[in-house]
Structure formats: C-alpha cells, structure tokens
file coords-v8.txt (compact mmCIF, C-alpha atoms and all ligand atoms)
# COMPACT_ATOMS: atom_id res chain seq x y z
CA MET A 27 14.88 8.79 -5.19
CA THR A 28 12.97 9.87 -2.12
CA GLY A 29 13.95 10.63 1.42
CA PRO A 30 13.04 8.39 4.30
CA PRO A 31 9.73 9.11 5.97
CA ASP A 32 9.76 10.77 9.36
CA GLN A 33 11.03 8.67 12.19
CA LEU A 34 10.02 5.11 11.71
CA PRO A 35 9.12 3.63 15.06
CA LEU A 36 11.26 0.59 14.50
CA GLU A 37 11.24 -0.30 18.15
CA SER A 38 7.49 -0.81 17.89
CA LEU A 39 7.80 -3.44 15.22
CA ALA A 40 7.62 -6.31 17.62
CA PRO A 41 4.13 -7.77 17.90
CA ARG A 42 2.29 -5.87 20.58
CA SER A 43 0.37 -8.29 22.69
CA PRO A 44 2.02 -11.42 24.01
CA ALA A 45 2.89 -13.02 20.72
CA PRO A 46 2.68 -16.75 20.86
CA ALA A 47 6.13 -17.57 19.58
CA ARG A 48 5.22 -21.15 18.78
CA THR A 49 1.87 -20.51 17.17
CA PRO A 50 2.76 -18.19 14.34
CA GLU A 51 0.29 -15.42 13.73
CA GLN A 52 -1.22 -15.52 10.31
CA LEU A 53 -2.33 -12.57 8.35
CA SER A 54 -4.74 -12.20 5.52
CA LEU A 55 -3.45 -9.99 2.79
CA LEU A 56 -5.63 -7.57 0.98
CA GLY A 57 -4.41 -6.59 -2.42
CA HIS A 58 -3.90 -9.96 -3.96
CA PRO A 59 -6.58 -11.61 -6.08
CA THR A 60 -6.20 -14.60 -3.79
CA PRO A 61 -5.43 -13.70 -0.19
CA ILE A 62 -2.23 -15.21 1.05
CA ARG A 63 -1.16 -15.70 4.61
CA LEU A 64 2.25 -15.10 6.06
CA PRO A 65 3.58 -15.79 9.52
CA ALA A 66 4.14 -12.69 11.61
CA GLU A 67 7.75 -13.76 12.17
CA LEU A 68 8.39 -13.51 8.45
CA TRP A 69 7.01 -9.99 8.37
CA LEU A 70 9.16 -9.09 11.35
CA THR A 71 12.25 -10.39 9.54
CA TRP A 72 11.58 -8.13 6.57
CA LEU A 73 10.45 -5.08 8.54
CA THR A 74 13.69 -5.04 10.52
CA ASP A 75 15.99 -5.70 7.57
CA GLN A 76 17.55 -2.41 6.48
CA THR A 77 18.27 -3.75 3.00
CA VAL A 78 14.63 -4.72 2.47
CA ILE A 79 13.47 -1.39 3.89
CA ALA A 80 15.83 0.55 1.62
CA ARG A 81 14.49 -1.32 -1.42
CA PHE A 82 10.96 -0.50 -0.30
CA GLU A 83 11.72 3.18 0.23
CA ALA A 84 13.23 3.46 -3.24
CA LYS A 85 9.98 2.26 -4.78
CA HIS A 86 7.56 4.86 -3.51
CA TYR A 87 7.38 8.59 -3.93
CA ILE A 88 7.09 10.46 -0.66
CA ARG A 89 5.26 13.78 -0.76
CA SER A 90 3.92 15.94 2.04
CA PRO A 91 2.50 14.09 5.07
CA THR A 92 -1.09 14.67 3.97
CA ARG A 93 -0.75 13.65 0.32
CA CYS A 94 -0.76 10.19 -1.20
CA TRP A 95 2.62 8.53 -1.57
CA PRO A 96 2.32 6.67 -4.88
CA TRP A 97 3.93 3.32 -5.43
CA LEU A 98 6.38 3.26 -8.36
CA GLY A 99 7.02 -0.47 -8.68
CA ALA A 100 4.97 -3.44 -9.82
CA VAL A 101 1.18 -3.18 -9.58
CA SER A 102 -1.32 -5.94 -8.84
CA SER A 103 -4.56 -6.41 -10.78
CA THR A 104 -6.36 -4.64 -7.94
CA GLY A 105 -4.21 -1.53 -8.32
CA HIS A 106 -2.20 -2.11 -5.16
CA GLY A 107 1.57 -1.90 -5.23
CA SER A 108 3.40 -5.22 -5.15
CA PHE A 109 6.66 -5.36 -3.26
CA ARG A 110 9.01 -8.31 -3.50
CA ALA A 111 10.28 -8.41 0.04
CA ALA A 112 12.05 -11.71 -0.57
CA SER A 113 12.29 -14.48 -3.09
CA LEU A 114 10.64 -17.47 -1.53
CA PRO A 115 10.25 -20.80 -3.28
CA GLY A 116 6.85 -22.09 -4.28
CA PRO A 117 4.11 -21.09 -6.68
CA SER A 118 2.42 -18.65 -4.29
CA ARG A 119 5.15 -16.01 -4.55
CA ARG A 120 4.95 -15.62 -0.81
CA GLY A 121 7.78 -13.15 -0.77
CA THR A 122 5.75 -10.65 -2.79
CA VAL A 123 3.47 -8.59 -0.59
CA PRO A 124 1.09 -5.66 -1.05
CA ALA A 125 3.12 -2.47 -0.76
CA HIS A 126 0.51 -0.72 1.39
CA LEU A 127 0.56 -3.58 3.86
CA PHE A 128 4.33 -3.31 4.10
CA ALA A 129 4.00 0.46 4.55
CA TYR A 130 1.40 0.13 7.28
CA GLN A 131 3.41 -2.37 9.27
CA LEU A 132 6.65 -0.45 8.80
CA ALA A 133 4.94 2.46 10.53
CA HIS A 134 2.84 0.63 13.11
CA GLY A 135 4.46 -2.72 13.70
CA VAL A 136 3.40 -6.21 12.69
CA ILE A 137 -0.35 -6.62 12.70
CA ASN A 138 -1.42 -9.11 15.27
CA ARG A 139 -4.75 -10.75 15.13
CA PRO A 140 -5.59 -11.99 18.58
CA GLY A 141 -9.30 -12.54 18.88
CA TRP A 142 -10.01 -12.16 15.19
CA SER A 143 -11.99 -14.95 13.63
CA ALA A 144 -11.31 -16.17 10.13
CA ALA A 145 -14.34 -14.22 8.96
CA GLU A 146 -12.87 -11.06 10.43
CA ASP A 147 -9.45 -11.06 8.89
CA PRO A 148 -7.93 -7.65 9.42
CA VAL A 149 -7.39 -5.72 6.24
CA VAL A 150 -5.51 -2.52 5.68
CA CYS A 151 -7.90 0.01 4.16
CA HIS A 152 -7.08 3.14 2.20
CA THR A 153 -8.90 6.15 3.62
CA CYS A 154 -7.86 8.04 0.47
CA ASP A 155 -9.30 5.38 -1.88
CA PHE A 156 -6.11 5.36 -3.96
CA HIS A 157 -4.95 1.76 -3.99
CA GLY A 158 -1.45 2.71 -5.07
CA CYS A 159 -0.94 4.90 -2.00
CA THR A 160 1.66 3.90 0.60
CA ASN A 161 1.30 6.82 3.01
CA PRO A 162 0.72 5.23 6.44
CA ALA A 163 -1.39 8.26 7.39
CA HIS A 164 -3.89 7.16 4.72
CA LEU A 165 -4.03 3.56 5.90
CA ARG A 166 -6.06 2.10 8.68
CA LEU A 167 -6.85 -1.31 9.99
CA GLY A 168 -10.37 -2.55 9.45
CA THR A 169 -12.37 -5.59 8.49
CA ALA A 170 -13.16 -6.75 4.98
CA ALA A 171 -16.84 -5.96 5.63
CA GLU A 172 -16.01 -2.37 6.60
CA ASN A 173 -13.79 -2.04 3.58
CA ARG A 174 -16.59 -3.19 1.26
CA ALA A 175 -19.10 -0.87 2.92
CA GLU A 176 -16.79 2.12 2.46
CA TRP A 177 -16.17 1.17 -1.14
CA ARG A 178 -19.93 1.03 -1.79
CA LEU A 179 -20.36 4.44 -0.20
CA ARG A 180 -17.61 6.15 -2.15
CA ARG A 181 -17.43 4.45 -5.52
CA HIS A 182 -20.03 6.77 -7.03
CA ASN A 183 -18.14 9.93 -6.17
CA PRO A 184 -17.32 11.17 -9.69
CA HIS A 185 -14.25 13.01 -8.43
CA GLY A 186 -12.84 10.22 -6.31
CA PRO A 187 -10.13 7.74 -7.25
CA LEU A 188 -12.69 4.93 -7.41
CA ALA A 189 -14.34 6.61 -10.40
CA ASP A 190 -11.17 6.48 -12.48
CA VAL A 191 -12.10 5.24 -15.95
CA ARG A 192 -8.72 3.48 -16.22
CA GLY A 193 -9.61 1.24 -13.30
CA ALA A 194 -7.65 0.96 -10.08
CA ALA A 195 -4.62 -0.70 -11.65
CA GLY A 196 -4.62 1.70 -14.59
CA ARG A 197 -4.69 4.66 -12.22
CA THR A 198 -1.81 3.38 -10.10
CA ARG A 199 0.28 2.63 -13.20
CA ALA A 200 -0.46 5.97 -14.84
CA ILE A 201 0.48 7.98 -11.76
CA ALA A 202 3.66 5.95 -11.25
CA GLN A 203 4.62 6.47 -14.87
CA ALA A 204 4.09 10.23 -14.57
CA ILE A 205 6.29 10.44 -11.47
CA ARG A 206 9.03 8.27 -12.98
CA ALA A 207 9.08 10.50 -16.06
CA GLY A 208 9.47 13.56 -13.84
CA LEU A 209 12.21 11.95 -11.78
CA GLN A 210 14.09 10.82 -14.88
CA ALA A 211 13.95 14.38 -16.21
CA ASP A 212 15.28 15.56 -12.85
CA GLU A 213 12.31 17.84 -12.37
CA PRO A 214 11.70 19.72 -9.12
CA PRO A 215 8.86 18.49 -6.88
CA ASP A 216 6.43 21.22 -7.97
CA LEU A 217 6.64 20.10 -11.58
CA ILE A 218 6.17 16.50 -10.57
CA GLU A 219 3.09 17.60 -8.59
CA LYS A 220 1.70 19.09 -11.79
CA ARG A 221 2.30 15.81 -13.60
CA ILE A 222 0.50 13.94 -10.83
CA ARG A 223 -2.50 16.25 -10.87
CA ALA A 224 -2.78 16.09 -14.65
CA THR A 225 -2.58 12.31 -14.56
CA GLU A 226 -5.23 12.10 -11.85
CA ALA A 227 -7.53 14.40 -13.82
CA ALA A 228 -7.05 12.35 -16.99
CA GLY A 229 -8.90 9.46 -15.38
CA LEU A 230 -12.00 11.40 -14.36
CA PRO A 231 -15.20 10.40 -16.10
CA LEU A 232 -16.65 13.03 -18.38
CA THR A 233 -19.44 14.40 -16.26
CA LEU A 234 -19.74 17.91 -17.66
CA TRP A 235 -22.51 17.13 -20.09
ZN ZN B 301 -3.35 8.16 -0.04
call {"tool": "encode", "arguments": {"input": "coords-v8.txt", "output": "structure tokens"}}
result
Amino acid sequence: MTGPPDQLPLESLAPRSPAPARTPEQLSLLGHPTPIRLPAELWLTWLTDQTVIARFEAKHYIRSPTRCWPWLGAVSSTGHGSFRAASLPGPSRRGTVPAHLFAYQLAHGVINRPGWSAAEDPVVCHTCDFHGCTNPAHLRLGTAAENRAEWRLRRHNPHGPLADVRGAAGRTRAIAQAIRAGLQADEPPDLIEKRIRATEAAGLPLTLW
C-alpha cells in the first residue's frame, strides 16, 4: 500500500540510557481514554519484529516527509490511530497501542523515562495537531502539561485541525476513508492528495460570514 519510510534506525531501538533490565520501564500512553502502561521490553519486542512492523506500515499512508502520514486503521475516541501490535489476554487490550506512539518509537527507539516522576509522564505530542498523523517528523516528546498548553493555544485557530467540526476522531476517520477510496480506485498520488485536501476542508467551521 505504501513504501517503507526512509531508513529506520533499527539499531537505535534499544533503550538509550542504562536500562534497568530487572526494573521494567513503564510508559504512559497518550491516545487512550485511560492511559495504559507497558513495559519497555514489550515495546522492544514489537519494534524489532518485522512482521509487526510490516503490519504497521500497511496501515498508514506515507506522503512527502513534511506532510502528515494519516493512519488508515482503527481510530480511538480521541482521534488517534489504534494499532494492534499483539493480542494479549486481559480486559485492558494491552496489545493495542496508539499508532503515533508506535511510529515515534519505531523512528527514535523505545522511550525511556529515567528521572520522570509520575506527574511528568512523557507523552508524544503532535506538532501538526492532527491526531491521526503517524509521521515521526511531526511527533515530539513532551509532558502532558506542555501538550495541554499547546492545545489551549492552538484550538481556536479556525484553519487548524483542532477546529474540525467533525471532532478529532471524525477527522481521522474521514481522511482515512478518503485515502482508502483513492487507493481502492488505484488512483495516482496527486489525485489522492486532492481527496485529502477536500476532506480536510470539509471539516472547517464556516467562518466566512
Ligand atoms: Zn502530521
């Protein structure tokens, strides 16, 4: 469906600082209504498994390096992509992770959290404000407080993704649907770009009068 992104630094996937092998790192996950925590070792298992990576790659649409790479699979209530990295038992669906978090760690390695307190759980923020985006260039590590502050600053931009009248989940779903329709019709990328732009514009609030 889409080509692999440029050169994944797979060798950098190992946790960076001395990872305490016996005290598993935990990670707070943004993008789920209730944050879930997964051991870093589990992430590492998935992020080095070529089958899991191939399934992930098939579920997002890669465009130019500067554009958003929309998620085409399941969408959470917050508008983030949901990727089932593995089927794990239990009610928490621990094997299902936010797609942008998978994308970020596939590019940058497993997020460690040495020195972070529980109140400062690292979160992966979208600099593009499109929750369905999985372009690592649009993702950065921050704190929940920073993320909220940025959201407050940008939510009133009438042209930004946060103003979408369909809501974050509606926007992600609509854009994914437009791309899937283009792919099914075997359209060239420039036509699919037109579909994406039209779908983005369809969610803008009516501010002309
Ligand atoms: Zn983006």
call {"tool": "closest_atom_pairs", "arguments": {"input": "coords-v8.txt", "of": "chain A", "to": "ligand ZN 301 (chain B)", "cutoff": "10 Å", "atoms": "all atoms listed in the file", "output": "Markdown table"}}
result
| residue | atom | partner | partner_atom | distance |
| --- | --- | --- | --- | --- |
| A:Pro91 | CA | B:ZN301 | ZN | 9.8 |
| A:Thr92 | CA | B:ZN301 | ZN | 8.0 |
| A:Arg93 | CA | B:ZN301 | ZN | 6.1 |
| A:Cys94 | CA | B:ZN301 | ZN | 3.5 |
| A:Trp95 | CA | B:ZN301 | ZN | 6.2 |
| A:Pro96 | CA | B:ZN301 | ZN | 7.6 |
| A:His126 | CA | B:ZN301 | ZN | 9.8 |
| A:His152 | CA | B:ZN301 | ZN | 6.6 |
| A:Thr153 | CA | B:ZN301 | ZN | 6.9 |
| A:Cys154 | CA | B:ZN301 | ZN | 4.5 |
| A:Asp155 | CA | B:ZN301 | ZN | 6.8 |
| A:Phe156 | CA | B:ZN301 | ZN | 5.6 |
| A:His157 | CA | B:ZN301 | ZN | 7.7 |
| A:Gly158 | CA | B:ZN301 | ZN | 7.7 |
| A:Cys159 | CA | B:ZN301 | ZN | 4.5 |
| A:Thr160 | CA | B:ZN301 | ZN | 6.6 |
| A:Asn161 | CA | B:ZN301 | ZN | 5.7 |
| A:Pro162 | CA | B:ZN301 | ZN | 8.2 |
| A:Ala163 | CA | B:ZN301 | ZN | 7.7 |
| A:His164 | CA | B:ZN301 | ZN | 4.9 |
| A:Leu165 | CA | B:ZN301 | ZN | 7.5 |
| A:Pro187 | CA | B:ZN301 | ZN | 9.9 |
call {"tool": "axis_aligned_box", "arguments": {"input": "coords-v8.txt", "around": "region 124-138 of chain A", "padding_each_side": "4 Å", "output": "AutoDock Vina command-line options"}}
result
--center_x 2.6 --center_y -3.3 --center_z 7.1 --size_x 16.1 --size_y 19.6 --size_z 24.3
call {"tool": "atom_distance", "arguments": {"input": "coords-v8.txt", "atom1": "CA of Ala194 (chain A)", "atom2": "CA of Gln131 (chain A)"}}
result
22.5 Å
call {"tool": "residues_around", "arguments": {"input": "coords-v8.txt", "residues": "Arg178 (chain A)", "least_positions_apart": "6", "cutoff": "12 Å", "atoms": "only C-alpha atoms", "output": "list in words"}}
result
Asp155, Ala171, Glu172, Leu188 and Ala189 of chain A
call {"tool": "closest_atom_pairs", "arguments": {"input": "coords-v8.txt", "of": "region 96-181 of chain A", "to": "region 69-73 of chain A", "cutoff": "10 Å", "atoms": "all atoms listed in the file", "output": "CSV"}}
result
residue,atom,partner,partner_atom,distance
A:Ala111,CA,A:Trp72,CA,6.7
A:Ala112,CA,A:Trp72,CA,8.0
A:Gly121,CA,A:Trp72,CA,9.7
A:Val123,CA,A:Trp69,CA,9.7
A:Phe128,CA,A:Leu73,CA,7.8
A:Ala129,CA,A:Leu73,CA,9.4
A:Gln131,CA,A:Leu73,CA,7.6
A:Leu132,CA,A:Leu73,CA,6.0
A:Ala133,CA,A:Leu73,CA,9.5
A:Gly135,CA,A:Leu73,CA,8.3
A:Val136,CA,A:Leu70,CA,6.6
A:Ile137,CA,A:Trp69,CA,9.2
call {"tool": "atom_distance", "arguments": {"input": "coords-v8.txt", "atom1": "CA of Phe109 (chain A)", "atom2": "CA of Arg223 (chain A)"}}
result
24.7 Å
call {"tool": "residues_around", "arguments": {"input": "coords-v8.txt", "residues": "Pro184 (chain A)", "least_positions_apart": "4", "cutoff": "9 Å", "atoms": "all atoms listed in the file", "output": "VMD selection string"}}
result
chain A and resid 188 to 190 230 to 233
call {"tool": "atom_distance", "arguments": {"input": "coords-v8.txt", "atom1": "CA of His86 (chain A)", "atom2": "CA of Leu98 (chain A)"}}
result
5.2 Å
call {"tool": "closest_residue", "arguments": {"input": "coords-v8.txt", "among": "A:Gly193, A:Ala227, A:Val149, A:Arg199", "to": "Ala100 (chain A)", "atoms": "all atoms listed in the file"}}
result
A:Arg199
call {"tool": "closest_residue", "arguments": {"input": "coords-v8.txt", "among": "A:Gly107, A:Leu64, A:Val101, A:Val150", "to": "Arg120 (chain A)", "atoms": "all atoms listed in the file"}}
result
A:Leu64
call {"tool": "closest_residue", "arguments": {"input": "coords-v8.txt", "among": "A:Ser113, A:Thr104, A:Asn138, A:Ser90", "to": "Val78 (chain A)", "atoms": "all atoms listed in the file"}}
result
A:Ser113
call {"tool": "closest_residue", "arguments": {"input": "coords-v8.txt", "among": "A:Ala84, A:Leu68, A:Cys151, A:Ala228", "to": "Val191 (chain A)", "atoms": "all atoms listed in the file"}}
result
A:Ala228
call {"tool": "decode", "arguments": {"input": "coords-v8.txt", "residues": "region 81-124 of chain A", "atoms": "N, CA and C atoms", "output": "PDB file, in the first residue's frame"}}
result
ATOM      1  N   ARG A  81       2.945  -5.013   9.375  1.00  0.00           N
ATOM      2  CA  ARG A  81       1.506  -4.754   9.578  1.00  0.00           C
ATOM      3  C   ARG A  81       1.261  -3.279   9.865  1.00  0.00           C
ATOM      4  N   PHE A  82       2.173  -2.689  10.639  1.00  0.00           N
ATOM      5  CA  PHE A  82       2.052  -1.264  10.944  1.00  0.00           C
ATOM      6  C   PHE A  82       2.187  -0.430   9.663  1.00  0.00           C
ATOM      7  N   GLU A  83       3.204  -0.729   8.889  1.00  0.00           N
ATOM      8  CA  GLU A  83       3.459   0.066   7.678  1.00  0.00           C
ATOM      9  C   GLU A  83       2.285   0.006   6.703  1.00  0.00           C
ATOM     10  N   ALA A  84       1.595  -1.123   6.686  1.00  0.00           N
ATOM     11  CA  ALA A  84       0.481  -1.284   5.750  1.00  0.00           C
ATOM     12  C   ALA A  84      -0.740  -0.482   6.181  1.00  0.00           C
ATOM     13  N   LYS A  85      -0.695   0.048   7.392  1.00  0.00           N
ATOM     14  CA  LYS A  85      -1.875   0.742   7.918  1.00  0.00           C
ATOM     15  C   LYS A  85      -1.741   2.252   7.956  1.00  0.00           C
ATOM     16  N   HIS A  86      -0.637   2.781   7.430  1.00  0.00           N
ATOM     17  CA  HIS A  86      -0.615   4.239   7.314  1.00  0.00           C
ATOM     18  C   HIS A  86      -0.195   4.637   5.910  1.00  0.00           C
ATOM     19  N   TYR A  87      -0.547   5.852   5.554  1.00  0.00           N
ATOM     20  CA  TYR A  87      -0.302   6.334   4.205  1.00  0.00           C
ATOM     21  C   TYR A  87       0.837   7.347   4.251  1.00  0.00           C
ATOM     22  N   ILE A  88       1.963   6.939   3.654  1.00  0.00           N
ATOM     23  CA  ILE A  88       3.155   7.770   3.707  1.00  0.00           C
ATOM     24  C   ILE A  88       3.156   8.739   2.536  1.00  0.00           C
ATOM     25  N   ARG A  89       3.313  10.022   2.869  1.00  0.00           N
ATOM     26  CA  ARG A  89       3.373  11.064   1.833  1.00  0.00           C
ATOM     27  C   ARG A  89       4.776  11.670   1.859  1.00  0.00           C
ATOM     28  N   SER A  90       4.910  12.897   1.457  1.00  0.00           N
ATOM     29  CA  SER A  90       6.231  13.520   1.483  1.00  0.00           C
ATOM     30  C   SER A  90       6.664  13.672   2.939  1.00  0.00           C
ATOM     31  N   PRO A  91       7.984  13.877   3.157  1.00  0.00           N
ATOM     32  CA  PRO A  91       8.488  13.937   4.538  1.00  0.00           C
ATOM     33  C   PRO A  91       7.871  15.043   5.377  1.00  0.00           C
ATOM     34  N   THR A  92       7.359  16.086   4.746  1.00  0.00           N
ATOM     35  CA  THR A  92       6.840  17.213   5.529  1.00  0.00           C
ATOM     36  C   THR A  92       5.339  17.116   5.772  1.00  0.00           C
ATOM     37  N   ARG A  93       4.654  16.242   5.040  1.00  0.00           N
ATOM     38  CA  ARG A  93       3.203  16.161   5.202  1.00  0.00           C
ATOM     39  C   ARG A  93       2.817  15.157   6.267  1.00  0.00           C
ATOM     40  N   CYS A  94       1.557  15.230   6.692  1.00  0.00           N
ATOM     41  CA  CYS A  94       1.042  14.254   7.648  1.00  0.00           C
ATOM     42  C   CYS A  94       0.921  12.888   6.971  1.00  0.00           C
ATOM     43  N   TRP A  95       1.180  11.845   7.738  1.00  0.00           N
ATOM     44  CA  TRP A  95       1.016  10.484   7.247  1.00  0.00           C
ATOM     45  C   TRP A  95      -0.198   9.886   7.963  1.00  0.00           C
ATOM     46  N   PRO A  96      -1.370   9.956   7.330  1.00  0.00           N
ATOM     47  CA  PRO A  96      -2.591   9.554   8.024  1.00  0.00           C
ATOM     48  C   PRO A  96      -2.665   8.054   8.308  1.00  0.00           C
ATOM     49  N   TRP A  97      -3.232   7.763   9.447  1.00  0.00           N
ATOM     50  CA  TRP A  97      -3.484   6.389   9.853  1.00  0.00           C
ATOM     51  C   TRP A  97      -4.728   5.890   9.141  1.00  0.00           C
ATOM     52  N   LEU A  98      -4.696   4.637   8.667  1.00  0.00           N
ATOM     53  CA  LEU A  98      -5.823   4.099   7.890  1.00  0.00           C
ATOM     54  C   LEU A  98      -6.597   3.024   8.660  1.00  0.00           C
ATOM     55  N   GLY A  99      -6.117   2.653   9.818  1.00  0.00           N
ATOM     56  CA  GLY A  99      -6.751   1.569  10.566  1.00  0.00           C
ATOM     57  C   GLY A  99      -7.735   2.089  11.598  1.00  0.00           C
ATOM     58  N   ALA A 100      -7.880   1.339  12.678  1.00  0.00           N
ATOM     59  CA  ALA A 100      -8.847   1.672  13.723  1.00  0.00           C
ATOM     60  C   ALA A 100      -8.477   3.000  14.382  1.00  0.00           C
ATOM     61  N   VAL A 101      -9.500   3.698  14.872  1.00  0.00           N
ATOM     62  CA  VAL A 101      -9.312   5.034  15.439  1.00  0.00           C
ATOM     63  C   VAL A 101      -9.900   5.065  16.856  1.00  0.00           C
ATOM     64  N   SER A 102      -9.148   5.649  17.784  1.00  0.00           N
ATOM     65  CA  SER A 102      -9.642   5.751  19.152  1.00  0.00           C
ATOM     66  C   SER A 102     -10.602   6.934  19.275  1.00  0.00           C
ATOM     67  N   SER A 103     -11.274   7.039  20.410  1.00  0.00           N
ATOM     68  CA  SER A 103     -12.237   8.123  20.604  1.00  0.00           C
ATOM     69  C   SER A 103     -11.552   9.492  20.594  1.00  0.00           C
ATOM     70  N   THR A 104     -10.237   9.495  20.815  1.00  0.00           N
ATOM     71  CA  THR A 104      -9.508  10.761  20.808  1.00  0.00           C
ATOM     72  C   THR A 104      -8.980  11.117  19.422  1.00  0.00           C
ATOM     73  N   GLY A 105      -9.259  10.267  18.433  1.00  0.00           N
ATOM     74  CA  GLY A 105      -8.825  10.554  17.072  1.00  0.00           C
ATOM     75  C   GLY A 105      -7.451  10.015  16.732  1.00  0.00           C
ATOM     76  N   HIS A 106      -6.825   9.344  17.685  1.00  0.00           N
ATOM     77  CA  HIS A 106      -5.515   8.740  17.424  1.00  0.00           C
ATOM     78  C   HIS A 106      -5.704   7.371  16.781  1.00  0.00           C
ATOM     79  N   GLY A 107      -4.764   6.995  15.943  1.00  0.00           N
ATOM     80  CA  GLY A 107      -4.802   5.655  15.384  1.00  0.00           C
ATOM     81  C   GLY A 107      -4.596   4.620  16.470  1.00  0.00           C
ATOM     82  N   SER A 108      -5.239   3.465  16.313  1.00  0.00           N
ATOM     83  CA  SER A 108      -5.036   2.356  17.242  1.00  0.00           C
ATOM     84  C   SER A 108      -4.414   1.207  16.475  1.00  0.00           C
ATOM     85  N   PHE A 109      -3.289   0.731  16.958  1.00  0.00           N
ATOM     86  CA  PHE A 109      -2.602  -0.357  16.265  1.00  0.00           C
ATOM     87  C   PHE A 109      -2.542  -1.569  17.186  1.00  0.00           C
ATOM     88  N   ARG A 110      -3.036  -2.699  16.670  1.00  0.00           N
ATOM     89  CA  ARG A 110      -2.972  -3.915  17.477  1.00  0.00           C
ATOM     90  C   ARG A 110      -1.635  -4.596  17.218  1.00  0.00           C
ATOM     91  N   ALA A 111      -0.687  -4.270  18.074  1.00  0.00           N
ATOM     92  CA  ALA A 111       0.653  -4.827  17.908  1.00  0.00           C
ATOM     93  C   ALA A 111       0.665  -6.311  18.244  1.00  0.00           C
ATOM     94  N   ALA A 112      -0.177  -6.701  19.183  1.00  0.00           N
ATOM     95  CA  ALA A 112      -0.239  -8.101  19.591  1.00  0.00           C
ATOM     96  C   ALA A 112      -1.570  -8.341  20.276  1.00  0.00           C
ATOM     97  N   SER A 113      -1.979  -9.577  20.311  1.00  0.00           N
ATOM     98  CA  SER A 113      -3.174  -9.929  21.067  1.00  0.00           C
ATOM     99  C   SER A 113      -2.728 -10.410  22.428  1.00  0.00           C
ATOM    100  N   LEU A 114      -2.964  -9.615  23.433  1.00  0.00           N
ATOM    101  CA  LEU A 114      -2.596 -10.005  24.782  1.00  0.00           C
ATOM    102  C   LEU A 114      -3.866 -10.253  25.579  1.00  0.00           C
ATOM    103  N   PRO A 115      -3.833 -11.236  26.458  1.00  0.00           N
ATOM    104  CA  PRO A 115      -5.025 -11.533  27.244  1.00  0.00           C
ATOM    105  C   PRO A 115      -5.323 -10.406  28.236  1.00  0.00           C
ATOM    106  N   GLY A 116      -6.549 -10.390  28.699  1.00  0.00           N
ATOM    107  CA  GLY A 116      -6.917  -9.398  29.709  1.00  0.00           C
ATOM    108  C   GLY A 116      -7.830  -8.353  29.136  1.00  0.00           C
ATOM    109  N   PRO A 117      -8.546  -7.674  30.018  1.00  0.00           N
ATOM    110  CA  PRO A 117      -9.551  -6.706  29.581  1.00  0.00           C
ATOM    111  C   PRO A 117      -8.946  -5.398  29.094  1.00  0.00           C
ATOM    112  N   SER A 118      -7.660  -5.152  29.347  1.00  0.00           N
ATOM    113  CA  SER A 118      -7.095  -3.835  29.050  1.00  0.00           C
ATOM    114  C   SER A 118      -6.646  -3.714  27.603  1.00  0.00           C
ATOM    115  N   ARG A 119      -6.736  -4.776  26.845  1.00  0.00           N
ATOM    116  CA  ARG A 119      -6.286  -4.765  25.451  1.00  0.00           C
ATOM    117  C   ARG A 119      -4.880  -4.184  25.369  1.00  0.00           C
ATOM    118  N   ARG A 120      -3.996  -4.723  26.153  1.00  0.00           N
ATOM    119  CA  ARG A 120      -2.651  -4.160  26.252  1.00  0.00           C
ATOM    120  C   ARG A 120      -1.857  -4.268  24.968  1.00  0.00           C
ATOM    121  N   GLY A 121      -2.301  -5.125  24.083  1.00  0.00           N
ATOM    122  CA  GLY A 121      -1.566  -5.252  22.832  1.00  0.00           C
ATOM    123  C   GLY A 121      -1.942  -4.198  21.817  1.00  0.00           C
ATOM    124  N   THR A 122      -2.981  -3.408  22.129  1.00  0.00           N
ATOM    125  CA  THR A 122      -3.401  -2.352  21.215  1.00  0.00           C
ATOM    126  C   THR A 122      -2.817  -1.027  21.686  1.00  0.00           C
ATOM    127  N   VAL A 123      -2.059  -0.389  20.828  1.00  0.00           N
ATOM    128  CA  VAL A 123      -1.318   0.809  21.237  1.00  0.00           C
ATOM    129  C   VAL A 123      -1.621   1.971  20.284  1.00  0.00           C
ATOM    130  N   PRO A 124      -1.444   3.200  20.758  1.00  0.00           N
ATOM    131  CA  PRO A 124      -1.636   4.347  19.867  1.00  0.00           C
ATOM    132  C   PRO A 124      -0.643   4.284  18.704  1.00  0.00           C
TER     133      PRO A 124
END
